[in-house]
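Student: Below is the structure I would like to discuss, written out as structure tokens.
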Amino acid sequence: MTARLLFRHETILAILTVIALFVLSMLSDKFFTVDNLLNQGRLMSEVGLVALAMTFVIVTGGIDLSVGSILGLTAILFGIFWQSLGLPIPLAMAAAIASGTFAGFVNGLIITRFSVPPLIATLATLALYRGLAEGISQARSVRGYPEWFFFFGQGEVLGVPFQLWILGICTVIAAVILAYTPFGRATYAIGANETAARFSGIRVDAVKLWIYTAAGFMSALAAVIFVSRVTTTRSDMGTGLELDVITGVVLGGTSIFGGKGTILGTALGLILIQALKNGLALSGVKGDGTIVVIGVVLIAAILIGAIFDRNRGG
Amino acid sequence: MTASTAAAAPIGRSNLQRFVGGYGQEIVVLLSIVALFVVVGAINPRFLSDTNINSIFAGNAYIAVAAIGMTMLIISGHIDVSVGSLIGVIATIAGTLAVSGYPIWVAWLVPILFGIAVNAGVGALVAYMRIPSIVVTLGMLSILKGGLISATGGEWITDMPPGFMIAQMRLFGIPSAVYFMVILTILAALFMRYTAFGRAIYAVGGNMEAARAAGLNPERTVVGVFALHGLFAGIAGILFATQLQVIQSTVPPNLELTVITASVIGGVSILGGTGTVIGSTLAAILFACIGSALIFLNVSAYWLRAVLGLMILATVLADMIRRRRVL
């Protein structure tokens with residue numbers, strides 16, 4: 001029965017997305033072109049990568065507000081490792097991604113070892129990681145990366161942006177893990193009822209630790225792609241990323257209370273948001289106006305979900 | 001005051017011990033402020049100058065005022081991550097009304113009513129539609145922030161009438177912002193402790209169903225506490241709008257984080273049900289001191305946020321460890 005309901009949410013979302021794409025392509029003839037769509041995919045990749053991990057986090061009933069700060073910290077460390085410590089780019093990349101992953105691991109430790117609510121734990125690390133990025137960089141940007149490094153953010157493979165391949169591969173892996181593996185089932189079980197999951201022998205803490213570490217890793221991966229795309233490292237990179245990511249995941253039908261959600265839903269949610277952003281921009285709405293629309297869409301999506309839930313329950 | 005610490009205190013303790021136990025967090029924060037003044041003052045006496053102390057207290061009073069409302073909200077088991085944007089919007093509305101020639105009391109009052117209305121609406125969504133406050137306020141954050149920037153185009157407001165600048169008015173040489181901070185903190189502390197509504201806020205945050213069973217109306221309490229939070233955010237917005245000669249029409253960066261951190265460090269349990277507004281005001285003062293101390297110790301201000309993050313983390317961890325020991 002739950003499977004049928006989930007299917008329904010995603011069907012509604014898919015229909016909405018198709019309608020949005022149709023309307024937007026009517027509004028602007030620049031919207032529905034291969035070039036524009038691929039470019040939008042490029043812009044969506046960083047948020048998308050993080051959203052995959054965030055889906056797992058929210059399915060367990062948790063949240064991670066620090067992803068944007070991890071992205072910023074990783075970007076800064078990458079720049080520092082390369083420019084100040086003189087590491088070669090590949091090594092700097094690996095070290096920076098390892099640091100970002102470790103930042104996610106620390107989140108997981110705080111949440112599992114000290115049972116700090118994820119909202120508060122990651123609110124603290126949101127400040128801490130962003131503060132470290134600002135402190136370490138002293139708000140100076142790093143630029144002058146070698147030309148070949150820009151491939152990760154600007155290059156194409158078989159006509160499709162490089163990061164879109166990465167996003168595609170990661171999406172498939174995440175979807176398979178969440179839907180078809182014991183780890184995925186454990187993720188749902190924790191979100192549905194953590195105590196029950198513990199008593200049925202699921203290693204709740206280990207699963208959560210892995211998930212928050214993965215969120216760190218994905219944010220770090222997104223950081224490298226981001227730096228490569230915009231060619232500069234700045235300490236304010238990724239500010240507000242958590243909002244875009246959570247909006248996408250929640251719009252995709254993942255319940256903020258945990259226990260429900262799919263990667264397909266998240267993917268559809270992200271596509272809908274990106275299409276709205278781009279379509280509105282093409283039809284002349286300014287950047288800040290689109291932020292308003294996203295806020296409205298987020299609240300409306302949850303509200304509609306809540307009304308459906310209530311009718312079902314009553 | 002707090003239910004959990006009072007229950008945990010063994011019978012037979014002296015009044016002093018019970019007092020210290022009940023206000024543990026507040027006393028720690030207060031001692032930290034005193035220690036900071038002594039140490040930093042010894043290293044750099046200019047830290048203790050009138051101008052600096054004035055700017056620490058008056059310049060940050062609006063944060064303390066906003067933290068009072070946030071504290072009530074967190075005690076009730078909710079949170080508002082959009083408060084920074086709301087303060088920015090309120091300040092801009094106030095400034096716009098003031099320069100457009102409306103009477104000054106209109107320019108003060110209308111934005112505050114706006115804050116109350118917005119947050120009562122958020123509270124209704126949270127209470128009656130059962131939408132988590134974090135999600136609604138994340139949405140409000142982007143609506144308010146995006147709306148503000150698209151409405152003003154980021155233009156600054158200047159040339160406000162002198163009578164409008166309430167935060168700069170002085171009484172006995174002390175800026176009025178400081179009076180607002182102190183008086184509102186005391187009023188709110190009395191309100192939380194001695195009124196039925198104040199106690200209902202603790203009850204709802206402690207256990208919503210138990211509060212309902214005890215005959216309270218948790219939904220109405222939640223809407224009420226959101227509206228109160230809107231009131232304090234409104235007053236904070238007016239103080240923020242009138243403390244400088246210019247309103248930048250943007251959202252002060254990370255303001256929500258500073259406000260939430262002040263509440264948490266002041267001893268509000270993040271699990272709801274406990275905490276006091278005195279603690280959050282002290283914590284807001286402590287931050288202001290730390291920010292200022294970094295400058296006087298020649299530490300780059302870019303480390304401030306890392307220090308805040310570490311502090312909130314340390315406080316929360318200590319809270320959880322203490323809780324575990326009590327259980």
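Chain labels A, B, ... are given in the sequence in which chains occur in the structure tokens; within each chain residues are numbered consecutively from 1, and ligands are likewise numbered from 1 in the order shown.
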Report the closest atom pair, with its distance in Å rounded to one decimal, for each residue of chain B that has an atom no farther than 8 Å from chain A; count only C-alpha atoms, sort by chain and then rising residue number, and write it as JSON lines.

Tutor:
{"residue": "B:Met129", "atom": "CA", "partner": "A:Ala306", "partner_atom": "CA", "distance": 6.5}
{"residue": "B:Arg130", "atom": "CA", "partner": "A:Ala306", "partner_atom": "CA", "distance": 7.2}
{"residue": "B:Ile131", "atom": "CA", "partner": "A:Ile302", "partner_atom": "CA", "distance": 7.1}
{"residue": "B:Pro132", "atom": "CA", "partner": "A:Ile256", "partner_atom": "CA", "distance": 7.7}
{"residue": "B:Val135", "atom": "CA", "partner": "A:Ile299", "partner_atom": "CA", "distance": 7.3}
{"residue": "B:Val136", "atom": "CA", "partner": "A:Ile299", "partner_atom": "CA", "distance": 5.9}
{"residue": "B:Leu138", "atom": "CA", "partner": "A:Leu243", "partner_atom": "CA", "distance": 6.8}
{"residue": "B:Gly139", "atom": "CA", "partner": "A:Gly295", "partner_atom": "CA", "distance": 4.1}
{"residue": "B:Met140", "atom": "CA", "partner": "A:Gly295", "partner_atom": "CA", "distance": 6.3}
{"residue": "B:Leu141", "atom": "CA", "partner": "A:Gly295", "partner_atom": "CA", "distance": 7.4}
{"residue": "B:Ser142", "atom": "CA", "partner": "A:Gly295", "partner_atom": "CA", "distance": 5.2}
{"residue": "B:Ile143", "atom": "CA", "partner": "A:Val292", "partner_atom": "CA", "distance": 4.1}
{"residue": "B:Leu144", "atom": "CA", "partner": "A:Val292", "partner_atom": "CA", "distance": 7.3}
{"residue": "B:Lys145", "atom": "CA", "partner": "A:Val292", "partner_atom": "CA", "distance": 7.7}
{"residue": "B:Gly146", "atom": "CA", "partner": "A:Asp288", "partner_atom": "CA", "distance": 4.5}
{"residue": "B:Gly147", "atom": "CA", "partner": "A:Val292", "partner_atom": "CA", "distance": 6.1}
{"residue": "B:Ile149", "atom": "CA", "partner": "A:Asp288", "partner_atom": "CA", "distance": 6.3}
{"residue": "B:Ser150", "atom": "CA", "partner": "A:Asp288", "partner_atom": "CA", "distance": 5.5}
{"residue": "B:Leu257", "atom": "CA", "partner": "A:Ala127", "partner_atom": "CA", "distance": 7.7}
{"residue": "B:Ile270", "atom": "CA", "partner": "A:Ile120", "partner_atom": "CA", "distance": 7.2}
{"residue": "B:Leu271", "atom": "CA", "partner": "A:Pro117", "partner_atom": "CA", "distance": 7.9}
{"residue": "B:Ser300", "atom": "CA", "partner": "A:Gly135", "partner_atom": "CA", "distance": 7.6}
{"residue": "B:Tyr302", "atom": "CA", "partner": "A:Gly135", "partner_atom": "CA", "distance": 4.9}
{"residue": "B:Trp303", "atom": "CA", "partner": "A:Gly135", "partner_atom": "CA", "distance": 4.6}
{"residue": "B:Leu304", "atom": "CA", "partner": "A:Gly131", "partner_atom": "CA", "distance": 6.9}
{"residue": "B:Arg305", "atom": "CA", "partner": "A:Gly131", "partner_atom": "CA", "distance": 4.4}
{"residue": "B:Ala306", "atom": "CA", "partner": "A:Gly131", "partner_atom": "CA", "distance": 3.8}
{"residue": "B:Val307", "atom": "CA", "partner": "A:Leu128", "partner_atom": "CA", "distance": 7.2}
{"residue": "B:Leu308", "atom": "CA", "partner": "A:Ala127", "partner_atom": "CA", "distance": 6.8}
{"residue": "B:Gly309", "atom": "CA", "partner": "A:Leu128", "partner_atom": "CA", "distance": 4.1}
{"residue": "B:Leu310", "atom": "CA", "partner": "A:Leu128", "partner_atom": "CA", "distance": 6.1}
{"residue": "B:Ile312", "atom": "CA", "partner": "A:Ala124", "partner_atom": "CA", "distance": 5.8}
{"residue": "B:Leu313", "atom": "CA", "partner": "A:Ala124", "partner_atom": "CA", "distance": 5.5}
{"residue": "B:Val316", "atom": "CA", "partner": "A:Val116", "partner_atom": "CA", "distance": 7.3}
{"residue": "B:Leu317", "atom": "CA", "partner": "A:Phe114", "partner_atom": "CA", "distance": 6.7}
{"residue": "B:Met320", "atom": "CA", "partner": "A:Phe114", "partner_atom": "CA", "distance": 6.4}
{"residue": "B:Ile321", "atom": "CA", "partner": "A:Phe114", "partner_atom": "CA", "distance": 7.1}

Student: Can you pull out every residue within 6 Å of region 211-225 of chain B, counting only C-alpha atoms, but drop anything in the same chain fewer than 5 positions away, and send it as a VMD selection string?

Tutor: chain B and resid 120 123 to 124 127 203 to 204

Student: Could you go through region 67-191 of chain B and tell me which residues DSSP, when run on the backbone, assigns to helix (DSSP H, G or I), listing them as a ChimeraX atom specification?

Tutor: /B:67-75,83-99,104-128,133-152,162-164,166-168,176-191

Student: With distances taken over only C-alpha atoms, which of A:Ser99, A:Leu13, A:Ala220, A:Ala94 is nearest to Ile271 (chain A)?

Tutor: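 Counting only C-alpha atoms, the residue closest to Ile271 (chain A) is A:Leu13.
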
Student: Show me, as a list in words, the residues that have an atom within 9 Å of Ala98 (chain A) when counting only C-alpha atoms, minus same-chain residues fewer than 5 positions from it.

Tutor: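 So, after excluding close chain neighbours, the residues are Thr74, Met93, Ala103, Phe217 and Ala220 of chain A.
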
Student: Selected residues, N, CA, C and O atoms, written as a PDB file, in the first residue's frame, please.

Tutor:
ATOM      1  N   THR A  74      35.763  22.507   1.780  1.00  0.00           N
ATOM      2  CA  THR A  74      36.505  21.658   0.853  1.00  0.00           C
ATOM      3  C   THR A  74      37.124  22.501  -0.256  1.00  0.00           C
ATOM      4  O   THR A  74      38.298  22.309  -0.619  1.00  0.00           O
ATOM      5  N   MET A  93      43.196  17.506  -4.791  1.00  0.00           N
ATOM      6  CA  MET A  93      41.803  17.130  -4.925  1.00  0.00           C
ATOM      7  C   MET A  93      41.467  15.999  -3.969  1.00  0.00           C
ATOM      8  O   MET A  93      40.469  16.061  -3.228  1.00  0.00           O
ATOM      9  N   ALA A 103      34.710  15.738   7.493  1.00  0.00           N
ATOM     10  CA  ALA A 103      33.783  16.685   8.123  1.00  0.00           C
ATOM     11  C   ALA A 103      32.403  16.037   8.270  1.00  0.00           C
ATOM     12  O   ALA A 103      31.733  16.184   9.303  1.00  0.00           O
ATOM     13  N   PHE A 217      31.081  13.391   1.821  1.00  0.00           N
ATOM     14  CA  PHE A 217      31.806  13.031   0.600  1.00  0.00           C
ATOM     15  C   PHE A 217      31.162  13.684  -0.623  1.00  0.00           C
ATOM     16  O   PHE A 217      31.850  14.270  -1.467  1.00  0.00           O
ATOM     17  N   ALA A 220      31.841  17.303  -0.800  1.00  0.00           N
ATOM     18  CA  ALA A 220      33.227  17.554  -1.185  1.00  0.00           C
ATOM     19  C   ALA A 220      33.411  17.358  -2.687  1.00  0.00           C
ATOM     20  O   ALA A 220      34.090  18.143  -3.361  1.00  0.00           O
TER      21      ALA A 220
END

Student: Need the shell around Thr242 (chain B): protein/DNA/RNA residues with any atom at most 6 Å away, counting only C-alpha atoms. Skip same-chain ones fewer than 4 positions apart. Format as a ChimeraX atom specification?

Tutor: /B:165-167

Student: Could you save those same residues with C-alpha atoms as a PDB file, in the first residue's frame?

Tutor:
ATOM      1  CA  MET B 165      16.119  56.703  15.391  1.00  0.00           C
ATOM      2  CA  ILE B 166      14.836  55.200  18.607  1.00  0.00           C
ATOM      3  CA  ALA B 167      17.860  52.941  19.215  1.00  0.00           C
TER       4      ALA B 167
END

Student: Residues of region 33-221 of chain A in strand (DSSP E) according to DSSP, as a PyMOL selection string?

Tutor: chain A and resi 156-157+160-161

Student: If you take only C-alpha atoms and a cut-off of 9 Å, which residues of region 247-276 of chain A touch region 39-53 of chain A, and what are their nearest atom pairs and distances in Å to one decimal, in chain and number order, as CSV?

Tutor:
residue,atom,partner,partner_atom,distance
A:Gly248,CA,A:Ala51,CA,7.1
A:Val249,CA,A:Ala51,CA,6.3
A:Ile263,CA,A:Leu52,CA,6.7
A:Thr266,CA,A:Ala51,CA,7.2
A:Ala267,CA,A:Gly48,CA,7.5
A:Leu270,CA,A:Gly48,CA,6.9
A:Ile271,CA,A:Met44,CA,8.0
A:Gln274,CA,A:Met44,CA,6.7
A:Ala275,CA,A:Gln40,CA,7.9

Student: Give me a file of those residues, with N, CA, C and O atoms, as an mmCIF file, in the first residue's frame.

Tutor:
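Result written to selection38.cif:
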data_model
loop_
_atom_site.group_PDB
_atom_site.id
_atom_site.type_symbol
_atom_site.label_atom_id
_atom_site.label_comp_id
_atom_site.auth_asym_id
_atom_site.auth_seq_id
_atom_site.Cartn_x
_atom_site.Cartn_y
_atom_site.Cartn_z
ATOM 1 N N GLY A 248 14.661 20.318 -2.864
ATOM 2 C CA GLY A 248 14.572 19.299 -3.899
ATOM 3 C C GLY A 248 14.139 17.957 -3.334
ATOM 4 O O GLY A 248 13.243 17.294 -3.864
ATOM 5 N N VAL A 249 14.764 17.568 -2.224
ATOM 6 C CA VAL A 249 14.484 16.257 -1.634
ATOM 7 C C VAL A 249 13.039 16.197 -1.132
ATOM 8 O O VAL A 249 12.312 15.233 -1.390
ATOM 9 N N ILE A 263 14.930 7.913 -4.510
ATOM 10 C CA ILE A 263 15.887 8.677 -5.306
ATOM 11 C C ILE A 263 15.201 9.223 -6.561
ATOM 12 O O ILE A 263 15.452 10.356 -6.974
ATOM 13 N N THR A 266 13.514 12.386 -5.669
ATOM 14 C CA THR A 266 14.489 13.464 -5.522
ATOM 15 C C THR A 266 14.924 13.993 -6.883
ATOM 16 O O THR A 266 14.990 15.209 -7.101
ATOM 17 N N ALA A 267 15.191 13.056 -7.824
ATOM 18 C CA ALA A 267 15.636 13.465 -9.154
ATOM 19 C C ALA A 267 14.560 14.326 -9.822
ATOM 20 O O ALA A 267 14.856 15.389 -10.380
ATOM 21 N N LEU A 270 14.367 17.782 -8.214
ATOM 22 C CA LEU A 270 15.463 18.650 -8.645
ATOM 23 C C LEU A 270 15.220 19.190 -10.048
ATOM 24 O O LEU A 270 15.452 20.370 -10.321
ATOM 25 N N ILE A 271 14.744 18.296 -10.935
ATOM 26 C CA ILE A 271 14.517 18.716 -12.319
ATOM 27 C C ILE A 271 13.437 19.804 -12.352
ATOM 28 O O ILE A 271 13.577 20.825 -13.034
ATOM 29 N N GLN A 274 14.924 23.112 -11.069
ATOM 30 C CA GLN A 274 15.860 23.710 -12.018
ATOM 31 C C GLN A 274 15.107 24.273 -13.220
ATOM 32 O O GLN A 274 15.416 25.355 -13.716
ATOM 33 N N ALA A 275 14.083 23.515 -13.668
ATOM 34 C CA ALA A 275 13.297 23.977 -14.814
ATOM 35 C C ALA A 275 12.590 25.282 -14.472
ATOM 36 O O ALA A 275 12.578 26.222 -15.272
#
